[in-house]
$ cat final_21.tsv   # TSV, C-alpha atoms and all ligand atoms
chain	number	residue	atom	x	y	z
A	213	MET	CA	-87.54	9.63	156.09
A	214	ILE	CA	-85.78	12.75	154.80
A	215	ASN	CA	-83.56	14.60	157.26
A	216	PRO	CA	-85.54	17.87	157.84
A	217	GLU	CA	-82.38	19.91	157.20
A	218	MET	CA	-82.44	18.53	153.66
A	219	ASN	CA	-86.11	19.26	152.89
A	220	LYS	CA	-85.47	22.47	150.98
A	221	LEU	CA	-82.63	20.95	148.91
A	222	VAL	CA	-84.72	17.90	147.98
A	223	GLU	CA	-87.67	20.12	147.07
A	224	VAL	CA	-85.69	22.41	144.73
A	225	LEU	CA	-83.85	19.45	143.17
A	226	LEU	CA	-87.16	17.76	142.34
A	227	GLU	CA	-88.34	21.00	140.73
A	228	GLY	CA	-85.22	20.79	138.54
A	229	GLY	CA	-84.15	24.24	139.73
A	230	HIS	CA	-80.42	24.01	139.41
A	231	ALA	CA	-79.67	27.61	140.51
A	232	ALA	CA	-81.88	27.20	143.61
A	233	ALA	CA	-80.26	23.82	144.34
A	234	LEU	CA	-76.81	25.39	144.16
A	235	THR	CA	-77.87	28.21	146.53
A	236	GLU	CA	-79.28	25.71	149.02
A	237	ALA	CA	-76.21	23.42	148.83
A	238	ARG	CA	-73.95	26.44	149.45
A	239	ARG	CA	-76.12	27.47	152.43
A	240	LEU	CA	-75.81	23.96	153.92
A	241	ARG	CA	-72.02	23.95	153.43
A	242	ILE	CA	-71.68	27.37	155.09
A	243	ALA	CA	-73.81	26.07	157.97
A	244	GLY	CA	-71.17	23.33	158.42
A	245	MET	CA	-72.84	20.37	156.70
A	246	ALA	CA	-70.25	17.95	155.23
A	247	SER	CA	-70.35	17.45	151.44
A	248	GLU	CA	-70.69	13.73	151.92
A	249	ARG	CA	-73.90	14.18	153.94
A	250	ILE	CA	-75.33	16.57	151.37
A	251	VAL	CA	-74.83	13.81	148.78
A	252	THR	CA	-76.03	10.83	150.80
A	253	GLU	CA	-78.92	12.51	152.62
A	254	GLY	CA	-79.93	15.23	150.13
A	255	LEU	CA	-79.15	14.16	146.57
A	256	GLU	CA	-79.83	10.52	147.24
A	257	ALA	CA	-83.19	11.30	148.83
A	258	ALA	CA	-84.15	13.36	145.77
A	259	MET	CA	-83.13	10.52	143.44
A	260	GLN	CA	-85.18	8.06	145.50
A	261	ARG	CA	-88.27	10.30	145.17
A	262	LEU	CA	-87.68	10.53	141.42
A	263	ASP	CA	-87.28	6.77	141.19
A	264	ASP	CA	-90.61	6.27	143.03
A	265	LYS	CA	-92.34	8.58	140.51
A	266	CYS	CA	-90.84	6.99	137.40
A	267	THR	CA	-92.74	3.87	136.58
A	268	VAL	CA	-92.78	2.24	133.15
A	269	GLU	CA	-96.18	3.90	132.50
A	270	SER	CA	-95.10	7.31	133.71
A	271	PHE	CA	-91.60	8.18	132.64
A	272	ASN	CA	-90.95	11.87	132.05
A	273	LEU	CA	-87.61	12.18	130.27
A	274	LEU	CA	-87.51	15.99	130.49
A	275	GLU	CA	-88.17	15.88	134.24
A	276	ILE	CA	-85.38	13.32	134.75
A	277	MET	CA	-82.96	15.39	132.71
A	278	LEU	CA	-83.77	18.60	134.62
A	279	VAL	CA	-83.39	16.89	138.01
A	280	GLY	CA	-80.21	15.22	136.73
A	281	ARG	CA	-78.81	18.58	135.65
A	282	ALA	CA	-79.56	20.08	139.07
A	283	VAL	CA	-77.96	17.09	140.84
A	284	SER	CA	-74.86	17.33	138.63
A	285	ALA	CA	-74.56	21.07	139.34
A	286	VAL	CA	-74.57	20.39	143.10
A	287	VAL	CA	-72.01	17.57	142.77
A	288	ASN	CA	-69.74	19.86	140.68
A	289	GLU	CA	-70.09	22.57	143.31
A	290	LEU	CA	-69.24	20.19	146.18
A	291	TYR	CA	-66.46	18.37	144.33
A	292	PRO	CA	-64.99	20.65	141.61
A	293	GLU	CA	-62.12	18.17	141.15
A	294	GLY	CA	-64.49	15.17	141.01
A	295	VAL	CA	-65.59	12.93	143.89
A	296	PRO	CA	-62.39	11.62	145.53
A	297	PRO	CA	-62.16	7.79	145.52
A	298	GLU	CA	-62.11	7.61	149.31
A	299	GLN	CA	-65.39	9.55	149.52
A	300	GLY	CA	-67.32	7.92	146.70
A	301	ARG	CA	-69.31	4.89	147.87
A	302	ASP	CA	-67.85	2.75	145.07
A	303	THR	CA	-66.41	3.45	141.63
A	304	PHE	CA	-68.09	2.59	138.34
A	305	VAL	CA	-66.74	3.09	134.84
A	306	ILE	CA	-69.38	3.84	132.20
A	307	ALA	CA	-69.30	4.14	128.39
A	308	THR	CA	-71.18	3.74	125.17
A	309	LEU	CA	-69.06	1.38	123.11
A	310	GLU	CA	-67.29	1.87	119.78
A	311	GLY	CA	-69.70	2.34	116.88
A	312	ASP	CA	-72.49	3.84	118.99
A	313	VAL	CA	-72.78	7.62	119.42
A	314	HIS	CA	-75.96	7.71	121.53
A	315	ASP	CA	-75.24	9.04	125.00
A	316	LEU	CA	-78.38	10.49	126.57
A	317	GLY	CA	-79.23	7.30	128.49
A	318	LYS	CA	-75.61	6.89	129.61
A	319	ASN	CA	-75.58	10.46	130.90
A	320	ILE	CA	-78.81	9.93	132.85
A	321	THR	CA	-77.45	6.72	134.38
A	322	LYS	CA	-74.28	8.53	135.40
A	323	MET	CA	-76.29	11.34	137.03
A	324	VAL	CA	-78.50	8.89	138.93
A	325	LEU	CA	-75.44	7.07	140.30
A	326	ILE	CA	-73.61	10.29	141.20
A	327	GLY	CA	-76.76	11.43	142.97
A	328	LYS	CA	-76.56	8.26	145.06
A	329	GLY	CA	-73.03	9.08	146.15
A	330	TYR	CA	-71.12	6.80	143.78
A	331	ARG	CA	-68.00	7.83	141.90
A	332	VAL	CA	-68.56	7.47	138.16
A	333	VAL	CA	-65.79	7.65	135.57
A	334	ASP	CA	-67.40	8.52	132.24
A	335	LEU	CA	-65.48	7.44	129.12
A	336	GLY	CA	-68.03	9.00	126.79
A	337	LYS	CA	-69.41	7.47	123.62
A	338	ASP	CA	-67.84	5.48	120.75
A	339	CYS	CA	-65.42	4.02	123.32
A	340	PRO	CA	-63.19	1.03	122.38
A	341	VAL	CA	-63.54	-2.00	124.68
A	342	GLU	CA	-59.78	-1.82	125.36
A	343	THR	CA	-60.10	1.76	126.69
A	344	LEU	CA	-62.99	0.72	128.92
A	345	VAL	CA	-61.09	-2.23	130.37
A	346	ASN	CA	-57.90	-0.22	130.92
A	347	ALA	CA	-59.91	2.43	132.77
A	348	ALA	CA	-61.62	-0.23	134.90
A	349	GLY	CA	-58.20	-1.44	136.07
A	350	ARG	CA	-56.70	2.03	136.50
A	351	GLU	CA	-59.69	3.40	138.44
A	352	ARG	CA	-60.15	0.20	140.50
A	353	ALA	CA	-63.74	0.02	139.31
A	354	HIS	CA	-66.25	-2.08	141.22
A	355	ALA	CA	-68.38	-2.50	138.10
A	356	VAL	CA	-68.27	-1.66	134.40
A	357	LEU	CA	-71.41	-0.17	132.88
A	358	VAL	CA	-72.18	-0.22	129.17
A	359	SER	CA	-74.95	1.58	127.35
A	360	GLY	CA	-76.05	0.47	123.89
A	361	LEU	CA	-78.73	1.95	121.64
A	362	ILE	CA	-77.98	0.32	118.29
A	363	THR	CA	-78.07	-3.40	117.54
A	364	PRO	CA	-74.68	-3.46	115.71
A	365	VAL	CA	-72.92	-2.60	118.99
A	366	ILE	CA	-73.97	-5.91	120.60
A	367	PRO	CA	-70.81	-7.82	119.50
A	368	GLN	CA	-68.70	-5.16	121.30
A	369	VAL	CA	-70.73	-5.64	124.46
A	370	ARG	CA	-70.17	-9.38	124.32
A	371	LYS	CA	-66.39	-8.78	124.27
A	372	VAL	CA	-66.27	-6.84	127.54
A	373	ARG	CA	-66.15	-9.74	129.95
A	374	SER	CA	-63.45	-11.68	128.09
A	375	ALA	CA	-61.36	-8.50	127.80
A	376	LEU	CA	-61.70	-7.99	131.57
A	377	VAL	CA	-60.67	-11.61	132.18
A	378	GLU	CA	-57.63	-11.18	129.87
A	379	HIS	CA	-56.55	-8.21	131.99
A	380	GLY	CA	-56.97	-10.16	135.24
A	381	LEU	CA	-60.13	-8.22	136.06
A	382	GLY	CA	-62.61	-11.08	135.75
A	383	GLY	CA	-64.15	-10.34	139.16
A	384	ILE	CA	-65.58	-6.99	137.99
A	385	ARG	CA	-69.34	-7.04	137.38
A	386	VAL	CA	-70.66	-5.92	134.00
A	387	VAL	CA	-74.02	-4.15	133.76
A	388	ALA	CA	-75.70	-3.30	130.45
A	389	GLY	CA	-78.53	-0.92	129.63
A	390	GLY	CA	-80.04	1.09	126.79
A	391	ALA	CA	-82.76	0.37	124.26
A	392	ALA	CA	-80.82	-2.11	122.08
A	393	LEU	CA	-79.37	-4.09	124.99
A	394	LYS	CA	-82.44	-4.43	127.15
A	395	GLN	CA	-84.05	-6.54	124.45
A	396	SER	CA	-81.39	-9.21	125.13
A	397	SER	CA	-80.74	-11.37	128.15
A	398	ALA	CA	-77.70	-11.06	130.41
A	399	GLU	CA	-76.65	-14.49	129.19
A	400	ALA	CA	-76.82	-13.52	125.51
A	401	LEU	CA	-74.80	-10.35	126.16
A	402	ASN	CA	-72.37	-12.14	128.51
A	403	VAL	CA	-72.97	-9.58	131.26
A	404	ASP	CA	-74.16	-9.87	134.87
A	405	TYR	CA	-77.27	-7.78	134.58
A	406	VAL	CA	-79.35	-5.99	131.96
A	407	ALA	CA	-81.10	-2.93	133.38
A	408	GLU	CA	-84.55	-1.83	132.29
A	409	THR	CA	-83.92	1.78	133.35
A	410	ALA	CA	-81.17	3.82	134.99
A	411	PHE	CA	-82.94	3.43	138.34
A	412	ASP	CA	-83.27	-0.31	137.91
A	413	GLY	CA	-79.51	-0.50	137.24
A	414	ALA	CA	-78.80	1.67	140.28
A	415	ARG	CA	-80.96	-0.60	142.46
A	416	TYR	CA	-79.04	-3.64	141.21
A	417	LEU	CA	-75.71	-1.95	142.00
A	418	ASP	CA	-77.02	-0.84	145.43
A	419	SER	CA	-77.95	-4.45	146.19
A	420	LEU	CA	-74.44	-5.63	145.27
A	421	VAL	CA	-72.87	-2.94	147.44
A	422	ARG	CA	-75.20	-3.75	150.37
A	423	GLY	CA	-74.34	-7.43	150.04
A	424	ALA	CA	-70.65	-6.42	149.68
A	425	LEU	CA	-70.50	-8.50	146.53
A	426	LEU	CA	-68.44	-5.89	144.68
B	501	LIG	C1	-81.82	10.59	120.07
B	501	LIG	C2	-81.48	9.52	119.04
B	501	LIG	C3	-80.36	9.73	118.24
B	501	LIG	C4	-79.41	10.91	118.40
B	501	LIG	C5	-78.46	10.60	119.58
B	501	LIG	C6	-78.12	11.85	120.39
B	501	LIG	C7	-77.37	11.49	121.63
B	501	LIG	N1	-76.50	12.41	122.03
B	501	LIG	O1	-77.54	10.44	122.26
B	501	LIG	C8	-78.68	10.91	117.01
B	501	LIG	C9	-79.43	11.83	116.07
B	501	LIG	C10	-77.21	11.33	117.03
B	501	LIG	C11	-78.89	9.47	116.56
B	501	LIG	C12	-78.10	8.86	115.60
B	501	LIG	C13	-78.37	7.59	115.11
B	501	LIG	N2	-79.39	6.77	115.42
B	501	LIG	CO1	-80.54	7.13	116.84
B	501	LIG	N3	-82.02	7.40	118.05
B	501	LIG	C14	-82.29	8.35	118.90
B	501	LIG	C15	-83.64	8.06	119.57
B	501	LIG	C16	-84.70	8.94	118.91
B	501	LIG	C17	-83.71	8.29	121.08
B	501	LIG	C18	-82.61	7.59	121.88
B	501	LIG	C19	-82.55	8.16	123.27
B	501	LIG	O2	-81.72	9.00	123.59
B	501	LIG	N4	-83.51	7.77	124.12
B	501	LIG	C20	-83.65	8.32	125.49
B	501	LIG	C21	-82.70	7.62	126.45
B	501	LIG	C22	-82.78	8.31	127.80
B	501	LIG	O3	-83.13	6.28	126.60
B	501	LIG	P1	-82.12	5.06	126.78
B	501	LIG	O4	-80.85	5.30	126.10
B	501	LIG	O5	-82.83	3.79	126.56
B	501	LIG	O6	-81.73	5.18	128.34
B	501	LIG	C23	-82.57	4.84	129.43
B	501	LIG	C24	-82.39	3.40	129.87
B	501	LIG	O7	-82.29	2.50	128.80
B	501	LIG	C25	-81.20	3.46	130.78
B	501	LIG	N5	-79.87	3.17	130.26
B	501	LIG	C26	-79.29	3.53	129.12
B	501	LIG	N6	-78.05	3.10	129.08
B	501	LIG	C27	-77.80	2.47	130.24
B	501	LIG	C28	-76.65	1.85	130.72
B	501	LIG	C29	-76.68	1.26	131.98
B	501	LIG	C30	-75.47	0.59	132.51
B	501	LIG	C31	-77.86	1.31	132.77
B	501	LIG	C32	-77.88	0.71	134.12
B	501	LIG	C33	-79.01	1.92	132.26
B	501	LIG	C34	-78.96	2.50	131.02
B	501	LIG	O8	-81.14	4.79	131.27
B	501	LIG	C35	-82.03	5.66	130.59
B	501	LIG	C36	-83.08	6.12	131.59
B	501	LIG	O9	-83.67	5.05	132.25
B	501	LIG	C37	-83.83	6.53	119.26
B	501	LIG	C38	-85.28	6.06	119.11
B	501	LIG	C39	-85.85	5.58	120.41
B	501	LIG	N7	-87.13	5.75	120.51
B	501	LIG	O10	-85.16	5.02	121.26
B	501	LIG	C40	-83.04	6.37	117.95
B	501	LIG	C41	-82.39	5.03	117.65
B	501	LIG	C42	-81.71	4.49	118.88
B	501	LIG	N8	-81.33	5.38	116.62
B	501	LIG	C43	-81.23	4.51	115.73
B	501	LIG	C44	-80.33	4.62	114.64
B	501	LIG	C45	-80.39	3.52	113.60
B	501	LIG	C46	-79.43	5.70	114.56
B	501	LIG	C47	-78.39	5.93	113.47
B	501	LIG	C48	-77.64	4.67	113.01
B	501	LIG	C49	-79.13	6.61	112.32
B	501	LIG	C50	-78.32	6.77	111.03
B	501	LIG	N9	-78.73	6.02	110.04
B	501	LIG	O11	-77.37	7.50	111.01
B	501	LIG	C51	-77.46	6.96	114.14
B	501	LIG	C52	-76.39	6.26	114.99
B	501	LIG	C53	-75.06	6.42	114.58
B	501	LIG	C54	-74.18	5.64	115.54
B	501	LIG	N10	-73.10	5.14	115.02
B	501	LIG	O12	-74.43	5.50	116.72
B	501	LIG	C55	-82.15	3.32	115.93
B	501	LIG	C56	-81.42	2.07	116.44
B	501	LIG	C57	-81.99	0.81	115.81
B	501	LIG	C58	-81.22	-0.38	116.24
B	501	LIG	N11	-81.83	-1.21	117.05
B	501	LIG	O13	-80.10	-0.57	115.85
B	501	LIG	C59	-83.24	3.93	116.88
B	501	LIG	C60	-83.91	2.90	117.82
B	501	LIG	C61	-84.30	4.62	115.97
B	501	LIG	C62	-85.06	3.61	115.14
B	501	LIG	N12	-86.25	3.26	115.55
B	501	LIG	O14	-84.61	3.16	114.11
B	501	LIG	N13	-79.94	8.90	117.22

$ encode --input "final_21.tsv" --output "structure tokens"
Amino acid sequence: MINPEMNKLVEVLLEGGHAAALTEARRLRIAGMASERIVTEGLEAAMQRLDDKCTVESFNLLEIMLVGRAVSAVVNELYPEGVPPEQGRDTFVIATLEGDVHDLGKNITKMVLIGKGYRVVDLGKDCPVETLVNAAGRERAHAVLVSGLITPVIPQVRKVRSALVEHGLGGIRVVAGGAALKQSSAEALNVDYVAETAFDGARYLDSLVRGALL
């Protein structure tokens, strides 16, 4: 059930209208609504609706990107300095690893997670495993997320867990996604989960957070 106060925001977000979403978020703030509630009850509700619409048979990339852009604009408006750690539900570090310059899927995953109220530290593309692991420690990440679109990046993905263990961060979950990785199993990639889509990955992370396994 969507909080009626959030109806307008959810509606304009799902239309991908980022200017209208910004106007509505500002109106809610001026009316005294806390940023955290706008994220958890407004943005998250919009992401849930989008998730329900996006099945394997019906997956509209442009629509997802437009909604994602609108969600990002609202998050930037609410938190110009980034979501503070104490307000984000949990922190995830995300990257496309060294050798791979594809980043559209990573960016969508980041937007979906931000829309659900998580704090996401984005290390970009072509990122060395060492940089990813250092950031996971520095940012006290609850999970490390890797996106991979080309097969040659698979050996890098396989290194992530052992690098985390070497840094004393072996308890951090590793989630993989992206066209080249979802053809492999979690076991073959040495990760905890391989996501079919950004929403599937978000559901997996939600289930860990709900079960307080992170
Ligand atoms: C766009 C594109 C490019 C763009 C990338 C632009 C950018 N900024 O990303 C450019 C032109 C730069 C490019 C370059 C190359 N590309 Co290219 N590219 C593509 C293309 C057409 C689409 C990829 C894409 O963005 N899909 C849309 C996104 C949204 O989908 P996605 O990443 O899977 O993400 C979804 C999920 O998987 C999930 N997800 C993604 N990551 C993660 C991570 C986590 C943690 C989670 C939970 C979920 C998740 O979220 C998304 C939404 O659900 C594909 C073909 C294809 N049909 O896939 C080839 C493709 C990936 N490219 C390919 C190749 C070979 C290359 C090049 C090597 C070409 C060359 N010879 O130079 C270079 C790569 C150079 C390098 N070192 O990386 C091959 C890879 C083959 C392979 N298996 O190795 C493909 C498959 C084309 C092909 N059929 O040959 N490419």

$ closest_residue --input "final_21.tsv" --among "A:Ala348, A:Val283, A:Leu420, A:Met218" --to "Val377 in chain A" --atoms "all atoms listed in the file"
A:Ala348

$ closest_residue --input "final_21.tsv" --among "A:Arg331, A:His314, A:Arg415, A:Arg352" --to "ligand LIG 501 (chain B)" --atoms "all atoms listed in the file"
A:His314

$ residues_around --input "final_21.tsv" --residues "Ser374 in chain A" --least-positions-apart "4" --cutoff "12 Å" --atoms "all atoms listed in the file" --output "MDAnalysis selection string"
chainID A and resid 341:342 345 367:370 378:386 401:403

$ residues_around --input "final_21.tsv" --residues "range 241-250 of chain A" --least-positions-apart "2" --cutoff "12 Å" --atoms "all atoms listed in the file" --output "PDB file with C-alpha atoms, in the frame of the given file"
ATOM      1  CA  ILE A 214     -85.780  12.750 154.800  1.00  0.00           C
ATOM      2  CA  ASN A 215     -83.560  14.600 157.260  1.00  0.00           C
ATOM      3  CA  GLU A 217     -82.380  19.910 157.200  1.00  0.00           C
ATOM      4  CA  MET A 218     -82.440  18.530 153.660  1.00  0.00           C
ATOM      5  CA  ASN A 219     -86.110  19.260 152.890  1.00  0.00           C
ATOM      6  CA  LYS A 220     -85.470  22.470 150.980  1.00  0.00           C
ATOM      7  CA  LEU A 221     -82.630  20.950 148.910  1.00  0.00           C
ATOM      8  CA  VAL A 222     -84.720  17.900 147.980  1.00  0.00           C
ATOM      9  CA  ALA A 233     -80.260  23.820 144.340  1.00  0.00           C
ATOM     10  CA  LEU A 234     -76.810  25.390 144.160  1.00  0.00           C
ATOM     11  CA  THR A 235     -77.870  28.210 146.530  1.00  0.00           C
ATOM     12  CA  GLU A 236     -79.280  25.710 149.020  1.00  0.00           C
ATOM     13  CA  ALA A 237     -76.210  23.420 148.830  1.00  0.00           C
ATOM     14  CA  ARG A 238     -73.950  26.440 149.450  1.00  0.00           C
ATOM     15  CA  ARG A 239     -76.120  27.470 152.430  1.00  0.00           C
ATOM     16  CA  THR A 252     -76.030  10.830 150.800  1.00  0.00           C
ATOM     17  CA  GLU A 253     -78.920  12.510 152.620  1.00  0.00           C
ATOM     18  CA  GLY A 254     -79.930  15.230 150.130  1.00  0.00           C
ATOM     19  CA  LEU A 255     -79.150  14.160 146.570  1.00  0.00           C
ATOM     20  CA  GLU A 256     -79.830  10.520 147.240  1.00  0.00           C
ATOM     21  CA  ALA A 257     -83.190  11.300 148.830  1.00  0.00           C
ATOM     22  CA  ALA A 258     -84.150  13.360 145.770  1.00  0.00           C
ATOM     23  CA  VAL A 283     -77.960  17.090 140.840  1.00  0.00           C
ATOM     24  CA  VAL A 286     -74.570  20.390 143.100  1.00  0.00           C
ATOM     25  CA  VAL A 287     -72.010  17.570 142.770  1.00  0.00           C
ATOM     26  CA  ASN A 288     -69.740  19.860 140.680  1.00  0.00           C
ATOM     27  CA  GLU A 289     -70.090  22.570 143.310  1.00  0.00           C
ATOM     28  CA  LEU A 290     -69.240  20.190 146.180  1.00  0.00           C
ATOM     29  CA  TYR A 291     -66.460  18.370 144.330  1.00  0.00           C
ATOM     30  CA  PRO A 292     -64.990  20.650 141.610  1.00  0.00           C
ATOM     31  CA  VAL A 295     -65.590  12.930 143.890  1.00  0.00           C
ATOM     32  CA  PRO A 296     -62.390  11.620 145.530  1.00  0.00           C
ATOM     33  CA  GLU A 298     -62.110   7.610 149.310  1.00  0.00           C
ATOM     34  CA  GLN A 299     -65.390   9.550 149.520  1.00  0.00           C
ATOM     35  CA  GLY A 300     -67.320   7.920 146.700  1.00  0.00           C
ATOM     36  CA  ARG A 301     -69.310   4.890 147.870  1.00  0.00           C
ATOM     37  CA  ILE A 326     -73.610  10.290 141.200  1.00  0.00           C
ATOM     38  CA  GLY A 327     -76.760  11.430 142.970  1.00  0.00           C
ATOM     39  CA  LYS A 328     -76.560   8.260 145.060  1.00  0.00           C
ATOM     40  CA  GLY A 329     -73.030   9.080 146.150  1.00  0.00           C
ATOM     41  CA  TYR A 330     -71.120   6.800 143.780  1.00  0.00           C
ATOM     42  CA  ARG A 331     -68.000   7.830 141.900  1.00  0.00           C
TER      43      ARG A 331
END

$ residues_near_ligand --input "final_21.tsv" --ligand "ligand LIG 501 (chain B)" --cutoff "8 Å" --atoms "only C-alpha atoms and all ligand atoms" --output "number ranges by chain"
A: 273, 306, 308, 311-321, 338, 356-364, 387-392, 394, 406-414

$ atom_distance --input "final_21.tsv" --atom1 "CA of Ala353 in chain A" --atom2 "CA of Ile366 in chain A"
22.1 Å

$ closest_residue --input "final_21.tsv" --among "A:Val332, A:Cys339, A:Leu393, A:Leu226" --to "Leu309 in chain A" --atoms "all atoms listed in the file"
A:Cys339

$ atom_distance --input "final_21.tsv" --atom1 "CA of Val333 in chain A" --atom2 "CA of Phe304 in chain A"
6.2 Å

$ atom_distance --input "final_21.tsv" --atom1 "CA of Val324 in chain A" --atom2 "CA of Val279 in chain A"
9.4 Å

$ closest_residue --input "final_21.tsv" --among "A:Leu240, A:Leu417, A:Leu274, A:Ala375" --to "Thr343 in chain A" --atoms "only C-alpha atoms"
A:Ala375

$ closest_residue --input "final_21.tsv" --among "A:Arg281, A:Lys322, A:His354, A:His230" --to "Ala307 in chain A" --atoms "only C-alpha atoms"
A:Lys322
